[in-house]
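A.B. asks: What follows is start-v5.cif; its format and atoms are mmCIF, C-alpha atoms.
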data_coords
loop_
_atom_site.label_atom_id
_atom_site.label_comp_id
_atom_site.auth_asym_id
_atom_site.auth_seq_id
_atom_site.Cartn_x
_atom_site.Cartn_y
_atom_site.Cartn_z
CA MET A 1 84.86 132.86 178.96
CA HIS A 2 81.24 132.09 179.53
CA GLY A 3 78.36 134.44 178.90
CA GLN A 4 78.33 137.31 176.48
CA ILE A 5 81.42 139.45 176.20
CA SER A 6 81.18 143.20 175.85
CA PRO A 7 81.92 144.31 172.26
CA ILE A 8 85.06 146.00 173.57
CA SER A 9 86.68 144.46 176.61
CA LEU A 10 90.22 143.69 175.40
CA ALA A 11 92.91 146.22 174.50
CA THR A 12 96.55 145.69 173.54
CA GLY A 13 99.36 148.19 173.03
CA GLY A 14 103.03 148.23 172.21
CA TYR A 15 105.89 149.58 170.17
CA ASP A 16 103.90 150.38 167.03
CA HIS A 17 102.30 153.37 168.81
CA LEU A 18 98.87 151.79 168.48
CA ILE A 19 96.21 150.52 170.86
CA ASN A 20 94.08 147.79 169.30
CA MET A 21 90.62 146.96 170.61
CA TRP A 22 89.47 143.37 170.14
CA GLN A 23 86.50 141.06 170.37
CA PRO A 24 87.99 138.49 172.77
CA SER A 25 85.87 135.54 171.69
CA ASP A 26 86.76 135.53 167.98
CA GLY A 27 89.88 137.71 167.66
CA SER A 28 88.30 140.33 165.42
CA LEU A 29 89.89 143.79 165.49
CA LEU A 30 87.16 146.29 166.39
CA LYS A 31 89.03 149.59 166.28
CA THR A 32 92.44 151.18 166.74
CA PHE A 33 93.48 154.16 168.85
CA GLN A 34 96.51 156.26 167.97
CA HIS A 35 99.20 156.56 170.66
CA THR A 36 101.66 158.91 169.01
CA GLU A 37 105.15 159.85 170.17
CA SER A 38 105.89 156.75 172.25
CA GLN A 39 105.31 153.08 172.90
CA VAL A 40 102.47 152.01 175.18
CA ASN A 41 103.73 150.82 178.57
CA SER A 42 100.54 150.15 180.51
CA LEU A 43 96.78 149.94 179.93
CA ALA A 44 93.72 149.79 182.18
CA PHE A 45 89.96 149.87 181.67
CA SER A 46 87.54 151.56 183.99
CA ARG A 47 85.27 148.96 185.56
CA ASP A 48 82.36 149.95 183.30
CA ARG A 49 84.70 149.67 180.27
CA SER A 50 83.74 153.14 179.06
CA ALA A 51 87.25 154.54 179.47
CA LEU A 52 90.76 153.29 178.78
CA ILE A 53 93.87 154.81 180.32
CA ALA A 54 97.29 154.40 178.68
CA GLY A 55 100.74 155.15 180.07
CA GLY A 56 103.58 156.05 177.71
CA PHE A 57 106.69 158.22 177.74
CA GLY A 58 105.99 161.41 179.66
CA ARG A 59 102.25 161.21 179.16
CA LEU A 60 99.05 159.63 180.35
CA ARG A 61 96.23 159.36 177.82
CA LEU A 62 92.53 158.79 178.42
CA TYR A 63 90.44 157.29 175.61
CA ASP A 64 86.67 157.14 175.24
CA VAL A 65 86.21 153.47 174.37
CA TYR A 66 82.89 153.90 172.59
CA ALA A 67 83.67 157.08 170.66
CA TYR A 68 83.90 155.18 167.40
CA GLU A 69 84.67 158.23 165.30
CA GLN A 70 87.54 159.30 167.54
CA ALA A 71 90.88 157.53 167.12
CA THR A 72 92.86 159.97 169.26
CA PRO A 73 92.92 160.43 173.05
CA LYS A 74 90.06 162.29 174.65
CA VAL A 75 92.48 163.80 177.17
CA THR A 76 96.27 163.85 177.62
CA VAL A 77 98.08 164.49 180.91
CA SER A 78 101.68 165.65 180.43
CA GLU A 79 102.82 165.98 184.06
CA PHE A 80 105.33 163.13 183.83
CA ASP A 81 109.08 163.34 183.17
CA LYS A 82 109.82 159.83 181.93
CA ASN A 83 108.09 156.52 181.19
CA VAL A 84 104.76 155.89 182.89
CA ASN A 85 105.03 152.20 183.76
CA SER A 86 101.84 151.43 185.67
CA VAL A 87 98.30 152.84 185.54
CA GLY A 88 94.87 151.99 186.89
CA PHE A 89 91.45 153.17 188.01
CA ASN A 90 89.85 153.00 191.41
CA GLU A 91 86.73 150.85 191.61
CA THR A 92 84.26 153.65 190.87
CA GLY A 93 86.39 155.13 188.08
CA SER A 94 86.45 158.56 189.73
CA TRP A 95 90.25 158.75 189.86
CA VAL A 96 93.31 157.31 188.18
CA PHE A 97 96.70 156.33 189.59
CA ALA A 98 99.94 156.33 187.62
CA GLY A 99 103.63 155.90 188.35
CA GLY A 100 106.90 155.42 186.55
CA GLU A 101 110.52 156.30 186.03
CA ASP A 102 110.24 159.78 187.57
CA LYS A 103 110.05 158.01 190.97
CA SER A 104 106.57 159.24 191.78
CA VAL A 105 102.99 158.01 192.02
CA LYS A 106 100.29 160.48 191.02
CA ILE A 107 96.55 160.41 191.66
CA ILE A 108 94.49 162.16 189.01
CA ASP A 109 90.89 163.29 189.40
CA ARG A 110 89.00 161.99 186.39
CA ARG A 111 86.47 164.83 186.63
CA THR A 112 89.17 167.41 185.94
CA ILE A 113 91.59 165.26 183.95
CA GLY A 114 93.37 167.22 181.25
CA ASN A 115 93.38 170.42 183.29
CA ASP A 116 97.12 170.18 184.01
CA PRO A 117 98.37 170.34 186.68
CA ALA A 118 95.16 170.92 188.64
CA CYS A 119 93.83 167.43 187.86
CA ILE A 120 96.68 165.87 189.87
CA THR A 121 95.29 165.81 193.39
CA ARG A 122 98.08 163.93 195.18
CA VAL A 123 101.70 163.05 194.50
CA MET A 124 103.88 160.64 196.45
CA ASN A 125 107.61 160.45 195.76
CA MET A 126 109.33 157.08 195.96
CA PRO A 127 113.03 156.24 196.47
CA GLY A 128 113.28 154.46 193.12
CA SER A 129 111.68 154.14 189.71
CA VAL A 130 108.13 152.83 190.03
CA THR A 131 107.60 149.59 188.13
CA SER A 132 104.20 148.36 189.30
CA ILE A 133 101.20 149.62 191.28
CA VAL A 134 98.18 147.71 192.55
CA ILE A 135 95.21 149.08 194.48
CA HIS A 136 94.09 147.24 197.61
CA PRO A 137 90.64 145.63 197.27
CA ASP A 138 89.25 147.93 199.98
CA GLN A 139 90.38 150.95 197.89
CA THR A 140 92.22 152.59 200.81
CA ALA A 141 95.83 151.98 199.76
CA LEU A 142 98.16 151.62 196.81
CA LEU A 143 100.98 149.07 196.88
CA VAL A 144 103.98 150.30 194.90
CA ALA A 145 107.00 148.31 193.65
CA THR A 146 110.31 149.83 192.57
CA GLU A 147 113.44 148.92 190.66
CA LYS A 148 115.25 148.89 194.00
CA GLY A 149 113.36 145.75 194.94
CA GLU A 150 111.15 147.52 197.46
CA ILE A 151 107.40 147.38 197.99
CA HIS A 152 105.73 150.35 199.68
CA VAL A 153 102.19 150.88 200.93
CA TRP A 154 100.65 154.31 200.38
CA ASP A 155 97.80 154.65 202.87
CA LEU A 156 95.43 157.05 201.14
CA ARG A 157 93.66 157.83 204.44
CA ASN A 158 96.81 158.93 206.25
CA GLU A 159 98.09 162.47 205.63
CA LYS A 160 100.91 162.46 208.22
CA THR A 161 102.84 159.25 207.52
CA PRO A 162 101.19 157.82 204.44
CA VAL A 163 103.96 155.56 203.12
CA THR A 164 105.32 152.44 204.81
CA THR A 165 107.99 150.18 203.31
CA ILE A 166 106.81 146.61 203.81
CA ILE A 167 109.37 144.84 201.61
CA PRO A 168 112.90 146.30 201.84
CA GLY A 169 115.25 146.30 198.88
CA SER A 170 117.45 143.74 200.59
CA VAL A 171 114.86 141.04 199.82
CA GLY A 172 115.95 140.80 196.21
CA ASP A 173 116.69 142.49 192.90
CA ALA A 174 114.41 144.84 190.98
CA ILE A 175 110.73 143.97 191.30
CA TYR A 176 108.99 144.41 187.95
CA SER A 177 105.44 143.40 188.83
CA ILE A 178 103.25 142.88 191.90
CA ASP A 179 99.67 141.76 192.45
CA LEU A 180 97.26 141.19 195.32
CA SER A 181 94.78 138.33 195.45
CA THR A 182 91.17 139.45 195.14
CA ASP A 183 90.59 138.91 198.87
CA GLY A 184 93.72 140.91 199.71
CA GLY A 185 95.24 137.96 201.58
CA CYS A 186 98.30 137.28 199.39
CA LEU A 187 100.87 139.56 197.79
CA ALA A 188 102.93 138.25 194.87
CA ALA A 189 105.91 139.66 192.97
CA VAL A 190 108.29 138.74 190.17
CA ASN A 191 111.78 140.17 189.98
CA SER A 192 114.74 140.65 187.67
CA CYS A 193 116.13 137.25 188.72
CA GLY A 194 113.04 135.50 187.36
CA GLU A 195 111.78 134.63 190.83
CA LEU A 196 108.18 134.38 192.01
CA ILE A 197 107.81 135.55 195.62
CA VAL A 198 104.58 135.32 197.62
CA TRP A 199 103.82 136.80 201.04
CA ASN A 200 100.81 136.48 203.32
CA TYR A 201 99.10 139.84 203.65
CA PRO A 202 96.54 141.07 206.22
CA LYS A 203 93.04 140.87 204.74
CA ASN A 204 91.04 143.20 206.94
CA THR A 205 90.51 146.86 206.15
CA GLU A 206 92.50 147.91 209.21
CA TYR A 207 95.59 146.04 208.00
CA LEU A 208 97.87 149.05 208.37
CA LYS A 209 97.31 148.97 212.13
CA THR A 210 98.88 145.52 212.17
CA LEU A 211 101.65 146.44 209.74
CA VAL A 212 104.40 146.49 212.36
CA ARG A 213 103.52 142.93 213.34
CA PHE A 214 103.37 142.01 209.65
CA ILE A 215 106.83 143.44 208.98
CA SER A 216 108.28 141.63 212.00
CA ALA A 217 106.78 138.39 210.73
CA LEU A 218 108.40 138.93 207.35
CA PHE A 219 111.84 138.70 208.89
CA ILE A 220 110.94 135.61 210.92
CA VAL A 221 109.26 133.90 207.98
CA PRO A 222 110.47 136.06 205.05
CA PHE A 223 107.93 134.77 202.54
CA GLN A 224 105.31 132.12 202.01
CA HIS A 225 106.89 130.93 198.78
CA ARG A 226 109.91 131.75 196.65
CA SER A 227 110.99 129.93 193.51
CA LYS A 228 112.75 130.60 190.23
CA VAL A 229 110.16 130.41 187.46
CA HIS A 230 112.01 132.22 184.64
CA SER A 231 115.60 132.03 183.39
CA SER A 232 115.53 135.77 182.69
CA TYR A 233 113.52 138.77 183.94
CA GLY A 234 110.10 138.17 185.43
CA LEU A 235 107.87 140.78 183.80
CA ARG A 236 104.33 140.16 185.06
CA VAL A 237 102.56 138.40 187.90
CA LEU A 238 98.80 138.07 188.22
CA PHE A 239 96.35 136.25 190.48
CA SER A 240 93.33 134.58 188.92
CA PRO A 241 89.96 136.01 190.02
CA ASP A 242 89.18 132.89 192.06
CA GLY A 243 92.59 133.02 193.76
CA THR A 244 93.54 129.45 192.87
CA LEU A 245 96.12 130.34 190.22
CA LEU A 246 99.03 132.68 189.63
CA ALA A 247 100.33 133.57 186.17
CA THR A 248 103.85 134.80 185.52
CA CYS A 249 105.38 136.16 182.30
CA GLY A 250 109.05 136.53 181.49
CA ALA A 251 111.77 137.63 179.12
CA ASP A 252 112.65 133.98 178.46
CA SER A 253 109.79 133.44 175.95
CA LYS A 254 107.82 131.76 178.71
CA PHE A 255 104.70 132.06 180.81
CA ASN A 256 103.59 129.90 183.73
CA VAL A 257 100.30 129.16 185.45
CA VAL A 258 100.96 128.14 189.05
CA ASN A 259 98.57 126.58 191.57
CA THR A 260 98.43 128.71 194.72
CA ALA A 261 97.65 125.67 196.89
CA ASP A 262 101.11 124.12 196.44
CA TYR A 263 102.89 126.45 193.94
CA ASN A 264 103.35 123.67 191.44
CA VAL A 265 103.27 124.73 187.80
CA GLN A 266 100.00 123.58 186.23
CA PHE A 267 100.63 124.94 182.75
CA SER A 268 103.68 126.47 181.10
CA LYS A 269 104.62 127.42 177.56
CA GLN A 270 107.96 128.51 176.17
CA ASP A 271 108.98 129.25 172.59
CA LYS A 272 112.57 128.02 172.57
CA THR A 273 113.12 128.99 168.94
CA ALA A 274 112.64 132.75 169.43
CA ARG A 275 115.58 134.24 171.29
CA SER A 276 114.11 137.74 171.56
CA TYR A 277 110.58 136.61 172.37
CA TRP A 278 109.37 138.26 175.58
CA VAL A 279 105.99 137.53 177.14
CA TRP A 280 105.15 140.96 178.55
CA ASP A 281 101.66 140.77 179.97
CA CYS A 282 98.71 138.51 180.71
CA ALA A 283 95.10 138.53 181.87
CA PHE A 284 92.70 135.91 183.20
CA SER A 285 89.09 135.45 182.18
CA ALA A 286 86.65 136.06 185.02
CA ASP A 287 85.98 132.34 185.43
CA SER A 288 89.76 131.68 185.73
CA ARG A 289 89.61 129.08 182.94
CA TYR A 290 91.38 131.08 180.23
CA LEU A 291 94.52 133.17 180.00
CA LEU A 292 95.40 135.91 177.54
CA THR A 293 99.07 136.68 176.85
CA ALA A 294 100.84 139.54 175.05
CA SER A 295 104.26 139.02 173.49
CA SER A 296 107.09 140.69 171.63
CA ASP A 297 106.28 138.69 168.49
CA ALA A 298 103.43 141.20 167.96
CA LEU A 299 100.79 138.63 168.91
CA ALA A 300 98.30 138.23 171.72
CA ARG A 301 97.03 134.75 172.41
CA LEU A 302 94.13 133.09 174.19
CA TRP A 303 94.85 129.85 176.09
CA ASN A 304 92.67 127.17 177.64
CA ILE A 305 94.40 126.58 180.97
CA GLU A 306 92.92 123.16 181.76
CA LYS A 307 93.76 121.73 178.34
CA GLY A 308 97.02 123.64 177.95
CA LEU A 309 96.06 124.66 174.43
CA GLU A 310 96.23 127.84 172.40
CA ILE A 311 92.74 128.71 171.20
CA LEU A 312 93.17 131.97 169.35
CA LYS A 313 95.69 134.50 168.05
CA TYR A 314 94.99 138.24 167.93
CA ILE A 315 96.75 139.51 164.81
CA GLY A 316 97.04 143.22 164.06
CA HIS A 317 100.16 144.71 165.64
CA LYS A 318 103.35 145.20 163.63
CA LYS A 319 105.76 145.47 166.56
CA PRO A 320 106.06 143.97 170.07
CA ILE A 321 102.98 144.06 172.29
CA THR A 322 104.04 145.22 175.75
CA CYS A 323 100.75 145.51 177.63
CA MET A 324 97.08 144.59 177.65
CA ALA A 325 93.87 145.39 179.47
CA PHE A 326 91.00 142.94 179.75
CA MET A 327 87.67 143.44 181.50
CA ASP A 328 85.70 140.23 181.10
CA GLN A 329 81.98 140.92 181.45
CA THR A 330 81.63 138.03 183.87
CA PHE A 331 83.53 140.10 186.45
CA GLU A 332 80.15 141.71 187.06
CA GLN A 333 78.68 138.36 188.06
CA THR A 334 81.29 137.56 190.72
#
Is it possible to express this structure as structure tokens?
C.D. replies:
Amino acid sequence: MHGQISPISLATGGYDHLINMWQPSDGSLLKTFQHTESQVNSLAFSRDRSALIAGGFGRLRLYDVYAYEQATPKVTVSEFDKNVNSVGFNETGSWVFAGGEDKSVKIIDRRTIGNDPACITRVMNMPGSVTSIVIHPDQTALLVATEKGEIHVWDLRNEKTPVTTIIPGSVGDAIYSIDLSTDGGCLAAVNSCGELIVWNYPKNTEYLKTLVRFISALFIVPFQHRSKVHSSYGLRVLFSPDGTLLATCGADSKFNVVNTADYNVQFSKQDKTARSYWVWDCAFSADSRYLLTASSDALARLWNIEKGLEILKYIGHKKPITCMAFMDQTFEQT
């Protein structure tokens, strides 16, 4: 991680009902937010790192990152029935998306957040529990994965027929995580069988106009790559900022870093001594040289990918860490 890192650009959360804020470069714990009543399922920073959104059971919480005297959420949204599994901001930070076990994806206006239910500007119901959501780089669509093994596209510009299923449930078991490459050209997923699946995806902003052709192509050439990378559930998949790597995390105490050129594993670590050790989440540095991981042993770790070495442990949680958010300052230089 080259260059100066913002004082707060790394957050971790988990089963101890806490969100810890870290200095990424030295592992120092900067502050802790309270996340009462439930575990933390998902975290995301706004691009300017001034706000942090957290998804838990039945609630979405917004924290003011730099309100040092405030350890509680600035705002809480309670318009959810079950676990909120995936959250995020749009690029400008003006709205938030969230989805989970109530089989819906909600868009929340940040300007009116907390004014339930008026702050929820749009709701889209899905056929299954929502496990993962990613926003398209052009900001016009949300891609949504479900426990039924489906991936849907919600076209935010289309009021009449906004949702298209691009990956049917017949492709595989439950999909737990999806990600798009930064250029929007590749879509990746990991599923409950521990498989990594990658599809080509239209890059241009009018990709939905070519969606029928894309879907047809899927059934001729179902995927660009498919391989088993975990012996248990695949929990997280993530493209590196430069698009040359893919990281996967699993319930088998293992994470992988895969080259996107040939899908060979460049770097992999597995703790074979810890039977209940799950690697839940990960994040790349902006230069794609380092990887952060979050695990059920209550530790987050920083890894040098090229050397295959652990550099740092982030110690402060008392129970499993299930999610992280990382906004490396060098994102602003790319």
A.B. asks: Skip A:Ser104 itself and residues of its chain fewer than 3 positions away, then list as a CSV table (one decimal) with C-alpha atoms, in the frame of the given file all residues within 10 Å of it, counting all atoms listed in the file.
C.D. replies:
chain,number,residue,atom,x,y,z
A,80,PHE,CA,105.3,163.1,183.8
A,81,ASP,CA,109.1,163.3,183.2
A,84,VAL,CA,104.8,155.9,182.9
A,98,ALA,CA,99.9,156.3,187.6
A,99,GLY,CA,103.6,155.9,188.4
A,100,GLY,CA,106.9,155.4,186.6
A,101,GLU,CA,110.5,156.3,186.0
A,123,VAL,CA,101.7,163.0,194.5
A,124,MET,CA,103.9,160.6,196.4
A,125,ASN,CA,107.6,160.4,195.8
A,126,MET,CA,109.3,157.1,196.0
A,127,PRO,CA,113.0,156.2,196.5
A,128,GLY,CA,113.3,154.5,193.1
A,129,SER,CA,111.7,154.1,189.7
A,130,VAL,CA,108.1,152.8,190.0
A,144,VAL,CA,104.0,150.3,194.9
A.B. asks: With all atoms listed in the file as the atoms that count, which of A:Leu309, A:Ile113, A:Val257, A:Val87 lies nearest to A:Leu142?
C.D. replies: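 The shortest atom-to-atom distance to A:Leu142 comes from A:Val87.
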A.B. asks: Need the shell around A:Thr12: protein/DNA/RNA residues with any atom at most 9 Å away, counting only C-alpha atoms. Skip same-chain ones fewer than 4 positions apart. Format as a short mmCIF file (atom, residue, chain, number, x, y, z; two decimals) with C-alpha atoms, in the frame of the given file?
C.D. replies:
data_model
loop_
_atom_site.label_atom_id
_atom_site.label_comp_id
_atom_site.auth_asym_id
_atom_site.auth_seq_id
_atom_site.Cartn_x
_atom_site.Cartn_y
_atom_site.Cartn_z
CA LEU A 18 98.87 151.79 168.48
CA ILE A 19 96.21 150.52 170.86
CA ASN A 20 94.08 147.79 169.30
CA MET A 21 90.62 146.96 170.61
CA TRP A 22 89.47 143.37 170.14
CA VAL A 40 102.47 152.01 175.18
CA LEU A 43 96.78 149.94 179.93
CA ALA A 294 100.84 139.54 175.05
CA ALA A 300 98.30 138.23 171.72
CA HIS A 317 100.16 144.71 165.64
CA ILE A 321 102.98 144.06 172.29
CA THR A 322 104.04 145.22 175.75
CA CYS A 323 100.75 145.51 177.63
CA MET A 324 97.08 144.59 177.65
CA ALA A 325 93.87 145.39 179.47
CA PHE A 326 91.00 142.94 179.75
#
A.B. asks: Could you list the residues chosen by the PyMOL selection byres ((chain A and resi 183-189) around 9) in this structure as a short mmCIF file (atom, residue, chain, number, x, y, z; two decimals) with C-alpha atoms, keeping the file's coordinate frame?
C.D. replies:
data_model
loop_
_atom_site.label_atom_id
_atom_site.label_comp_id
_atom_site.auth_asym_id
_atom_site.auth_seq_id
_atom_site.Cartn_x
_atom_site.Cartn_y
_atom_site.Cartn_z
CA HIS A 136 94.09 147.24 197.61
CA PRO A 137 90.64 145.63 197.27
CA ASP A 138 89.25 147.93 199.98
CA ALA A 145 107.00 148.31 193.65
CA ILE A 175 110.73 143.97 191.30
CA TYR A 176 108.99 144.41 187.95
CA SER A 177 105.44 143.40 188.83
CA ILE A 178 103.25 142.88 191.90
CA ASP A 179 99.67 141.76 192.45
CA LEU A 180 97.26 141.19 195.32
CA SER A 181 94.78 138.33 195.45
CA THR A 182 91.17 139.45 195.14
CA VAL A 190 108.29 138.74 190.17
CA ASN A 191 111.78 140.17 189.98
CA GLU A 195 111.78 134.63 190.83
CA LEU A 196 108.18 134.38 192.01
CA ILE A 197 107.81 135.55 195.62
CA VAL A 198 104.58 135.32 197.62
CA TRP A 199 103.82 136.80 201.04
CA ASN A 200 100.81 136.48 203.32
CA TYR A 201 99.10 139.84 203.65
CA PRO A 202 96.54 141.07 206.22
CA LYS A 203 93.04 140.87 204.74
CA ASN A 204 91.04 143.20 206.94
CA GLY A 234 110.10 138.17 185.43
CA ARG A 236 104.33 140.16 185.06
CA VAL A 237 102.56 138.40 187.90
CA LEU A 238 98.80 138.07 188.22
CA PHE A 239 96.35 136.25 190.48
CA GLY A 243 92.59 133.02 193.76
CA LEU A 246 99.03 132.68 189.63
#
A.B. asks: Which distance in Å separates atom CA of A:Phe284 and atom CA of A:Val65, to one decimal?
C.D. replies: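 Atom-to-atom, atom CA of A:Phe284 and atom CA of A:Val65 are spaced 20.7 Å apart.
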A.B. asks: How would stretch 86-107 of chain A of the given structure read as a file with N, CA and C atoms, as a CSV table (one decimal), in the first residue's frame?
C.D. replies:
chain,number,residue,atom,x,y,z
A,86,SER,N,-25.9,-7.7,2.4
A,86,SER,CA,-25.1,-7.0,1.4
A,86,SER,C,-25.4,-5.5,1.4
A,87,VAL,N,-24.5,-4.6,1.5
A,87,VAL,CA,-24.7,-3.2,1.5
A,87,VAL,C,-23.7,-2.5,0.7
A,88,GLY,N,-24.0,-1.3,0.2
A,88,GLY,CA,-23.0,-0.5,-0.5
A,88,GLY,C,-23.5,0.9,-0.8
A,89,PHE,N,-22.6,1.8,-1.3
A,89,PHE,CA,-22.9,3.1,-1.7
A,89,PHE,C,-22.8,3.2,-3.2
A,90,ASN,N,-23.5,4.1,-3.8
A,90,ASN,CA,-23.2,4.5,-5.2
A,90,ASN,C,-22.0,5.4,-5.2
A,91,GLU,N,-21.4,5.7,-6.3
A,91,GLU,CA,-20.1,6.3,-6.4
A,91,GLU,C,-20.1,7.7,-5.7
A,92,THR,N,-21.2,8.5,-5.8
A,92,THR,CA,-21.2,9.8,-5.2
A,92,THR,C,-21.6,9.8,-3.8
A,93,GLY,N,-22.1,8.6,-3.3
A,93,GLY,CA,-22.5,8.5,-1.9
A,93,GLY,C,-23.8,9.1,-1.6
A,94,SER,N,-24.6,9.4,-2.6
A,94,SER,CA,-26.0,10.0,-2.4
A,94,SER,C,-27.0,9.0,-2.0
A,95,TRP,N,-26.8,7.7,-2.4
A,95,TRP,CA,-27.7,6.7,-2.0
A,95,TRP,C,-27.0,5.4,-1.6
A,96,VAL,N,-27.8,4.5,-0.9
A,96,VAL,CA,-27.3,3.3,-0.4
A,96,VAL,C,-28.1,2.1,-0.9
A,97,PHE,N,-27.5,1.0,-1.2
A,97,PHE,CA,-28.3,-0.2,-1.5
A,97,PHE,C,-28.1,-1.3,-0.5
A,98,ALA,N,-29.1,-2.1,-0.2
A,98,ALA,CA,-29.0,-3.1,0.8
A,98,ALA,C,-30.0,-4.2,0.4
A,99,GLY,N,-29.6,-5.5,0.7
A,99,GLY,CA,-30.5,-6.6,0.5
A,99,GLY,C,-30.1,-7.7,1.4
A,100,GLY,N,-31.1,-8.7,1.5
A,100,GLY,CA,-30.8,-9.8,2.5
A,100,GLY,C,-31.9,-10.9,2.4
A,101,GLU,N,-32.1,-11.4,3.6
A,101,GLU,CA,-32.9,-12.6,3.7
A,101,GLU,C,-34.4,-12.4,3.5
A,102,ASP,N,-34.9,-11.1,3.5
A,102,ASP,CA,-36.3,-10.8,3.3
A,102,ASP,C,-36.6,-10.8,1.8
A,103,LYS,N,-35.6,-11.3,0.9
A,103,LYS,CA,-35.8,-11.4,-0.5
A,103,LYS,C,-36.1,-10.1,-1.2
A,104,SER,N,-35.4,-9.0,-0.7
A,104,SER,CA,-35.6,-7.8,-1.4
A,104,SER,C,-34.3,-7.0,-1.4
A,105,VAL,N,-34.3,-6.0,-2.4
A,105,VAL,CA,-33.2,-5.1,-2.5
A,105,VAL,C,-33.8,-3.7,-2.3
A,106,LYS,N,-33.3,-2.9,-1.4
A,106,LYS,CA,-33.8,-1.6,-1.2
A,106,LYS,C,-32.8,-0.5,-1.5
A,107,ILE,N,-33.2,0.6,-2.1
A,107,ILE,CA,-32.4,1.8,-2.3
A,107,ILE,C,-32.8,2.9,-1.4
